[in-house]
$ cat start_39.cif   # mmCIF, C-alpha atoms
data_query
#
loop_
_atom_site.label_atom_id
_atom_site.label_comp_id
_atom_site.auth_asym_id
_atom_site.auth_seq_id
_atom_site.Cartn_x
_atom_site.Cartn_y
_atom_site.Cartn_z
CA MET A 1 46.65 -41.69 -46.04
CA VAL A 2 43.66 -44.03 -45.75
CA THR A 3 40.77 -43.02 -43.52
CA VAL A 4 38.18 -45.21 -41.86
CA ASP A 5 35.97 -42.17 -41.37
CA SER A 6 36.63 -38.47 -41.33
CA ALA A 7 37.52 -38.41 -37.62
CA MET A 8 40.04 -41.26 -37.55
CA PRO A 9 42.98 -41.34 -39.97
CA VAL A 10 44.70 -44.74 -40.27
CA HIS A 11 48.29 -45.01 -41.43
CA PRO A 12 48.95 -47.90 -43.87
CA VAL A 13 51.71 -49.26 -41.60
CA TYR A 14 49.16 -49.82 -38.84
CA THR A 15 46.87 -51.77 -41.16
CA VAL A 16 49.80 -54.05 -42.02
CA ILE A 17 50.86 -54.53 -38.40
CA VAL A 18 47.33 -55.72 -37.55
CA GLN A 19 47.85 -58.62 -39.95
CA VAL A 20 51.33 -59.26 -38.52
CA ALA A 21 49.82 -59.40 -35.02
CA ARG A 22 47.19 -61.88 -36.20
CA ARG A 23 49.92 -64.14 -37.58
CA CYS A 24 51.87 -63.71 -34.35
CA TRP A 25 48.89 -64.98 -32.34
CA SER A 26 48.68 -68.04 -34.61
CA GLY A 27 52.23 -68.97 -33.57
CA ASN A 28 54.33 -67.51 -36.38
CA LYS A 29 57.73 -66.72 -34.81
CA MET A 30 58.80 -64.42 -37.67
CA ALA A 31 55.64 -62.34 -37.14
CA ASP A 32 56.52 -62.08 -33.44
CA GLU A 33 59.98 -60.76 -34.32
CA THR A 34 58.50 -58.35 -36.87
CA ALA A 35 55.96 -56.98 -34.38
CA ARG A 36 58.68 -56.47 -31.76
CA ALA A 37 60.91 -54.71 -34.30
CA ALA A 38 58.04 -52.45 -35.40
CA MET A 39 57.31 -51.48 -31.78
CA SER A 40 61.00 -50.69 -31.26
CA ALA A 41 60.97 -48.43 -34.30
CA ASP A 42 57.71 -46.61 -33.44
CA ASP A 43 57.14 -45.44 -29.86
CA LEU A 44 53.40 -44.95 -30.47
CA LEU A 45 52.83 -48.50 -31.70
CA ARG A 46 51.55 -51.08 -29.19
CA VAL A 47 50.92 -54.67 -30.22
CA THR A 48 49.52 -57.21 -27.77
CA LEU A 49 51.82 -60.21 -28.02
CA PRO A 50 51.03 -63.76 -26.95
CA HIS A 51 52.86 -65.58 -24.16
CA TYR A 52 54.06 -68.93 -25.45
CA VAL A 53 53.51 -72.08 -23.41
CA ASP A 54 56.44 -74.40 -22.76
CA ASP A 55 56.05 -77.82 -24.43
CA ALA A 56 56.20 -79.59 -21.04
CA VAL A 57 53.28 -77.53 -19.72
CA ASP A 58 51.40 -78.11 -22.96
CA SER A 59 51.79 -81.89 -22.65
CA ILE A 60 50.62 -81.83 -19.00
CA ILE A 61 47.51 -79.87 -19.95
CA GLY A 62 46.88 -82.16 -22.91
CA ALA A 63 47.15 -85.25 -20.70
CA ALA A 64 44.78 -83.72 -18.14
CA LEU A 65 42.21 -82.90 -20.82
CA ASN A 66 42.34 -86.47 -22.17
CA THR A 67 41.73 -88.04 -18.72
CA PRO A 68 38.11 -89.13 -18.19
CA MET A 69 36.29 -87.16 -15.51
CA LEU A 70 35.43 -88.98 -12.28
CA ARG A 71 31.68 -89.24 -11.70
#
$ encode --input "start_39.cif" --output "structure tokens"
Amino acid sequence: MVTVDSAMPVHPVYTVIVQVARRCWSGNKMADETARAAMSADDLLRVTLPHYVDDAVDSIIGAALNTPMLR
């Protein structure tokens, strides 16, 4: 078992899931599935998952951001 310091042991699986979560937040769908599967297998594991925006909402926001501001 790897330890960060003497008071806090860190299991290798948790160090891997941190990287999976990072990939999940970058939009990797396989990482999202992997994080969800890992949480199902381990009741103590909690991963904050992103909420994906629908493409229609994304295009509306993009159009609004490209509109010049009224002065």
$ resolve_selection --input "start_39.cif" --expression "the PyMOL selection byres ((chain A and resi 14-25) around 10)" --output "PyMOL selection string"
chain A and resi 2+10-13+26-36+38-39+45-52
$ atom_distance --input "start_39.cif" --atom1 "CA of Asp58 in chain A" --atom2 "CA of Ala37 in chain A"
27.7 Å
$ atom_distance --input "start_39.cif" --atom1 "CA of Pro68 in chain A" --atom2 "CA of Asp54 in chain A"
24.0 Å
$ build_atoms --input "start_39.cif" --residues "range 29-60 of chain A" --atoms "N, CA and C atoms" --output "mmCIF file, in the coordinates of the input"
data_model
loop_
_atom_site.group_PDB
_atom_site.id
_atom_site.type_symbol
_atom_site.label_atom_id
_atom_site.label_comp_id
_atom_site.auth_asym_id
_atom_site.auth_seq_id
_atom_site.Cartn_x
_atom_site.Cartn_y
_atom_site.Cartn_z
ATOM 1 N N LYS A 29 56.606 -67.347 -35.530
ATOM 2 C CA LYS A 29 57.730 -66.720 -34.810
ATOM 3 C C LYS A 29 58.282 -65.506 -35.558
ATOM 4 N N MET A 30 58.293 -65.557 -36.889
ATOM 5 C CA MET A 30 58.800 -64.420 -37.670
ATOM 6 C C MET A 30 57.877 -63.205 -37.480
ATOM 7 N N ALA A 31 56.580 -63.443 -37.384
ATOM 8 C CA ALA A 31 55.640 -62.340 -37.140
ATOM 9 C C ALA A 31 55.880 -61.734 -35.763
ATOM 10 N N ASP A 32 56.208 -62.574 -34.784
ATOM 11 C CA ASP A 32 56.520 -62.080 -33.440
ATOM 12 C C ASP A 32 57.737 -61.156 -33.499
ATOM 13 N N GLU A 33 58.775 -61.589 -34.182
ATOM 14 C CA GLU A 33 59.980 -60.760 -34.320
ATOM 15 C C GLU A 33 59.687 -59.468 -35.048
ATOM 16 N N THR A 34 58.858 -59.537 -36.085
ATOM 17 C CA THR A 34 58.500 -58.350 -36.870
ATOM 18 C C THR A 34 57.705 -57.368 -36.022
ATOM 19 N N ALA A 35 56.756 -57.859 -35.241
ATOM 20 C CA ALA A 35 55.960 -56.980 -34.380
ATOM 21 C C ALA A 35 56.845 -56.298 -33.344
ATOM 22 N N ARG A 36 57.770 -57.054 -32.754
ATOM 23 C CA ARG A 36 58.680 -56.470 -31.760
ATOM 24 C C ARG A 36 59.585 -55.413 -32.394
ATOM 25 N N ALA A 37 60.064 -55.679 -33.600
ATOM 26 C CA ALA A 37 60.910 -54.710 -34.300
ATOM 27 C C ALA A 37 60.125 -53.442 -34.641
ATOM 28 N N ALA A 38 58.871 -53.603 -35.061
ATOM 29 C CA ALA A 38 58.040 -52.450 -35.400
ATOM 30 C C ALA A 38 57.767 -51.600 -34.166
ATOM 31 N N MET A 39 57.528 -52.244 -33.017
ATOM 32 C CA MET A 39 57.310 -51.480 -31.780
ATOM 33 C C MET A 39 58.576 -50.758 -31.342
ATOM 34 N N SER A 40 59.735 -51.357 -31.600
ATOM 35 C CA SER A 40 61.000 -50.690 -31.260
ATOM 36 C C SER A 40 61.224 -49.461 -32.128
ATOM 37 N N ALA A 41 60.769 -49.532 -33.374
ATOM 38 C CA ALA A 41 60.970 -48.430 -34.300
ATOM 39 C C ALA A 41 59.957 -47.300 -34.123
ATOM 40 N N ASP A 42 58.772 -47.606 -33.583
ATOM 41 C CA ASP A 42 57.710 -46.610 -33.440
ATOM 42 C C ASP A 42 57.216 -46.606 -31.994
ATOM 43 N N ASP A 43 57.507 -45.531 -31.272
ATOM 44 C CA ASP A 43 57.140 -45.440 -29.860
ATOM 45 C C ASP A 43 55.626 -45.413 -29.625
ATOM 46 N N LEU A 44 54.849 -45.024 -30.634
ATOM 47 C CA LEU A 44 53.400 -44.950 -30.470
ATOM 48 C C LEU A 44 52.702 -46.284 -30.748
ATOM 49 N N LEU A 45 53.419 -47.218 -31.329
ATOM 50 C CA LEU A 45 52.830 -48.500 -31.700
ATOM 51 C C LEU A 45 52.834 -49.457 -30.512
ATOM 52 N N ARG A 46 51.683 -50.063 -30.239
ATOM 53 C CA ARG A 46 51.550 -51.080 -29.190
ATOM 54 C C ARG A 46 50.851 -52.281 -29.790
ATOM 55 N N VAL A 47 51.493 -53.426 -29.719
ATOM 56 C CA VAL A 47 50.920 -54.670 -30.220
ATOM 57 C C VAL A 47 50.835 -55.630 -29.036
ATOM 58 N N THR A 48 49.675 -56.216 -28.823
ATOM 59 C CA THR A 48 49.520 -57.210 -27.770
ATOM 60 C C THR A 48 50.095 -58.519 -28.269
ATOM 61 N N LEU A 49 51.129 -58.993 -27.601
ATOM 62 C CA LEU A 49 51.820 -60.210 -28.020
ATOM 63 C C LEU A 49 51.413 -61.396 -27.154
ATOM 64 N N PRO A 50 51.385 -62.577 -27.732
ATOM 65 C CA PRO A 50 51.030 -63.760 -26.950
ATOM 66 C C PRO A 50 52.187 -64.194 -26.058
ATOM 67 N N HIS A 51 51.867 -64.928 -25.008
ATOM 68 C CA HIS A 51 52.860 -65.580 -24.160
ATOM 69 C C HIS A 51 52.853 -67.045 -24.558
ATOM 70 N N TYR A 52 53.986 -67.555 -24.958
ATOM 71 C CA TYR A 52 54.060 -68.930 -25.450
ATOM 72 C C TYR A 52 54.184 -69.915 -24.296
ATOM 73 N N VAL A 53 53.514 -71.043 -24.436
ATOM 74 C CA VAL A 53 53.510 -72.080 -23.410
ATOM 75 C C VAL A 53 54.650 -73.058 -23.694
ATOM 76 N N ASP A 54 55.379 -73.419 -22.648
ATOM 77 C CA ASP A 54 56.440 -74.400 -22.760
ATOM 78 C C ASP A 54 55.836 -75.748 -23.172
ATOM 79 N N ASP A 55 56.557 -76.533 -23.966
ATOM 80 C CA ASP A 55 56.050 -77.820 -24.430
ATOM 81 C C ASP A 55 55.715 -78.768 -23.280
ATOM 82 N N ALA A 56 56.474 -78.721 -22.189
ATOM 83 C CA ALA A 56 56.200 -79.590 -21.040
ATOM 84 C C ALA A 56 54.849 -79.251 -20.419
ATOM 85 N N VAL A 57 54.568 -77.963 -20.272
ATOM 86 C CA VAL A 57 53.280 -77.530 -19.720
ATOM 87 C C VAL A 57 52.154 -77.926 -20.673
ATOM 88 N N ASP A 58 52.402 -77.760 -21.956
ATOM 89 C CA ASP A 58 51.400 -78.110 -22.960
ATOM 90 C C ASP A 58 51.063 -79.595 -22.902
ATOM 91 N N SER A 59 52.056 -80.456 -22.717
ATOM 92 C CA SER A 59 51.790 -81.890 -22.650
ATOM 93 C C SER A 59 51.051 -82.265 -21.369
ATOM 94 N N ILE A 60 51.333 -81.578 -20.260
ATOM 95 C CA ILE A 60 50.620 -81.830 -19.000
ATOM 96 C C ILE A 60 49.149 -81.453 -19.148
#
